[in-house]
Amino acid sequence: MPETDEREADIGPRSFWSGTITFGLVSIPVELYPAHRSSRVSLRMVSPEGTPLERRYFCAREERELDWGEIVRGYELEKGSFVVVTDDELEKLAPDRTRDIDLRRFVPANDIDPMHFERAYFLTPGGNSTKAYRLLAATMEKTGRAGIATFVMRGKEYLIAILAENGILRAETLRFADEVRTPDDVGLPEPARASATAVKKIEKAIRSLTRDALDESQLEDAASARLIDLARRKAEEGEDVVAAPDVEAAPPADGVLDLMAVLKRSLEGRTDTDDAPAGRSTPRKSAAKKTATKKAAAKKTAAKKTAAKKTAAKK
Amino acid sequence: MAARAIWKGRIRFGDVDVPVKLYSAVQDRSIRFRLLHEKDGEPVTQRMIDPSTGDIVEHADVQRAFPTDDGELVLLDDDELASVQPEPSRDIEVTHFVDPAAITHQWYDRPYFLGPDEDDGAYAALADALRRRKVEGVARWVMRNTEYVGALRLHGDHLVLMTLRRAGEVVPASALDAPGGRTLDRREVDMATQLVAALEDDLDLSEFRDEYRDRVLELIEAKAEGKVVRFPAPPKKKAAASLGDMLERSVREVKKRRKSA
């Protein structure tokens, strides 16, 4: 069962979704990889003796620990009254959309309001042929267009923009229109009239601070750096250090390189065979394929869940 | 209904000082589920346990530890954790201004609206100056014990502070090589271009609804009322064909649909 509230957390540098972009009648198998990587330091929760703790679920009424199999998901209608919803039901609500990104609308890529962009993912070719993938990427890049679509992944519908850059397709999740407030929603007043003198004064201050490029050193995570320094200093002095052979190390500072390697491999690792059919395959073949994908997906979800349970506490 | 400000601060650079209020510009619409014990419908409680003893460790006794590369844990107590916290401040310090194109949207994380805090004139002057200089600012501030870096930019007539991701968190497409293969067929490129053009329209994000969310809410309602739930039928599959044929048929179908619409 996916943990709805933690779904976006803990996405490692692996493909966690594979599916198909449909463009007219053309199907393009793709895999999704994160284009962002969290660099924040994750602290572990431990006992006073330093044993890593595990999160477990308990029933308050029976005062005992529960197995995952005893737990269901409920929607709270009113205080204390729940409707139980199963994974199977949620899956059945979107049979056609869990594996397909149906591109039916193209817009000028620059028209998308930046307030809507949420997260970016790279799409890499998923099948043996890269031709249809390259064709779509080249066409979108040449025309400066973005494709807009919705699709369902892990029990949530996503609005996405497909963008092409440097011959690579990227999916960016967008906030739905009702998820972004307007100044009216917030209740911001119409701006007052500014005095010309005040504007001039500010413009002068802006001019003296205007630079040609973004100074990326400003984006360094100073808080994490201080925490790492503190921990390294204590480690060197052997102060409050306990052995924990089963514990995964914090993601290295160059964790992005890790993701880069995975991305490069998945973009390179395909041989282009032009004779592969580009359309949807026959029902029988497709059914077999789907089961396989589903199984793989289920495995991935299970793996992710274990990973998600590993306590990642940020203070 | 006006939203409540989540924080108050002062935008500062040079001799400029503009008091502002921060408002979240996004609202989460996800459906929240609770985990329940199936047998008695009781919401589950989460507890931390020590797997070596099976004992529950109470929240107050839980310690934090930093995992090192050598498979060790360094325990950090509350005082030590507090010592690396940033100094609280009300300043939103703008360090430099750049052409808006210098910060691609992949750096953007979360938008906040800024409203004037008792000095409408200063707010309006800053908005006007940003508009006239055609720049956005790079600002840093500390809000609720967390350090943020954000882009100070215009959204229509209002100011927005867009938090930015950290150095190294964005993988640019330019750092990757595109998948290779044989040169694309001219005819197919033309058809794909036609297909994109045929599917082109103005952007209106309000046309896209989270329909899945609607369906989940309908399902919940139906189940609450004890009704039989109907699920949509799975889609039919189509036969395979070559890429060229598929493009040609797609262009034809889209054009036909456009004409009859």
# chains A, B, ... in the order shown; residues from 1 in each chain; ligands from 1

$ select_by_dssp --residues "stretch 24-158 of chain A" --states "helix (DSSP H, G or I)" --output "PyMOL selection string"
chain A and resi 68-70+87-92+109-111+114-116+131-143

$ write_last_selection --atoms "C-alpha atoms" --output "mmCIF file, in the first residue's frame"
data_model
loop_
_atom_site.group_PDB
_atom_site.id
_atom_site.type_symbol
_atom_site.label_atom_id
_atom_site.label_comp_id
_atom_site.auth_asym_id
_atom_site.auth_seq_id
_atom_site.Cartn_x
_atom_site.Cartn_y
_atom_site.Cartn_z
ATOM 1 C CA TRP A 68 1.309 -4.405 7.345
ATOM 2 C CA GLY A 69 -1.335 -6.897 6.158
ATOM 3 C CA GLU A 70 -3.687 -5.829 8.958
ATOM 4 C CA ASP A 87 -5.456 -0.248 -3.660
ATOM 5 C CA ASP A 88 -7.335 -2.420 -6.110
ATOM 6 C CA GLU A 89 -10.214 0.074 -6.239
ATOM 7 C CA LEU A 90 -7.886 3.001 -6.757
ATOM 8 C CA GLU A 91 -6.089 1.162 -9.541
ATOM 9 C CA LYS A 92 -9.387 0.324 -11.249
ATOM 10 C CA ALA A 109 6.796 26.248 -24.038
ATOM 11 C CA ASN A 110 7.350 29.812 -22.795
ATOM 12 C CA ASP A 111 3.643 30.332 -22.080
ATOM 13 C CA PRO A 114 6.526 29.403 -13.696
ATOM 14 C CA MET A 115 4.326 29.349 -10.582
ATOM 15 C CA HIS A 116 2.984 26.007 -11.830
ATOM 16 C CA LYS A 131 13.609 6.714 -33.388
ATOM 17 C CA ALA A 132 10.160 7.825 -32.276
ATOM 18 C CA TYR A 133 11.688 9.337 -29.119
ATOM 19 C CA ARG A 134 14.239 11.331 -31.112
ATOM 20 C CA LEU A 135 11.587 12.371 -33.616
ATOM 21 C CA LEU A 136 9.328 13.830 -30.912
ATOM 22 C CA ALA A 137 12.239 15.529 -29.097
ATOM 23 C CA ALA A 138 13.589 17.066 -32.307
ATOM 24 C CA THR A 139 10.165 18.310 -33.394
ATOM 25 C CA MET A 140 9.323 19.889 -30.040
ATOM 26 C CA GLU A 141 12.716 21.525 -29.669
ATOM 27 C CA LYS A 142 12.652 22.915 -33.209
ATOM 28 C CA THR A 143 9.171 24.375 -32.783
#

$ select_by_dssp --residues "stretch 105-193 of chain B" --states "strand (DSSP E or B)" --output "ChimeraX atom specification"
/B:108-116,136-143,146-155,158-164,170

$ residues_around --residues "B:Tyr112" --least-positions-apart "3" --cutoff "6 Å" --atoms "only C-alpha atoms" --output "ChimeraX atom specification"
/B:23-25,160-161

$ closest_residue --among "B:Glu200, B:Glu58, B:Glu80, B:Asp91" --to "chain A" --atoms "only C-alpha atoms"
B:Glu200

$ atom_distance --atom1 "atom CA of A:Arg175" --atom2 "atom CA of A:Lys156"
12.4 Å

$ closest_residue --among "B:Arg29, B:Arg12, B:Arg187, B:Arg249" --to "B:Glu93" --atoms "only C-alpha atoms"
B:Arg12
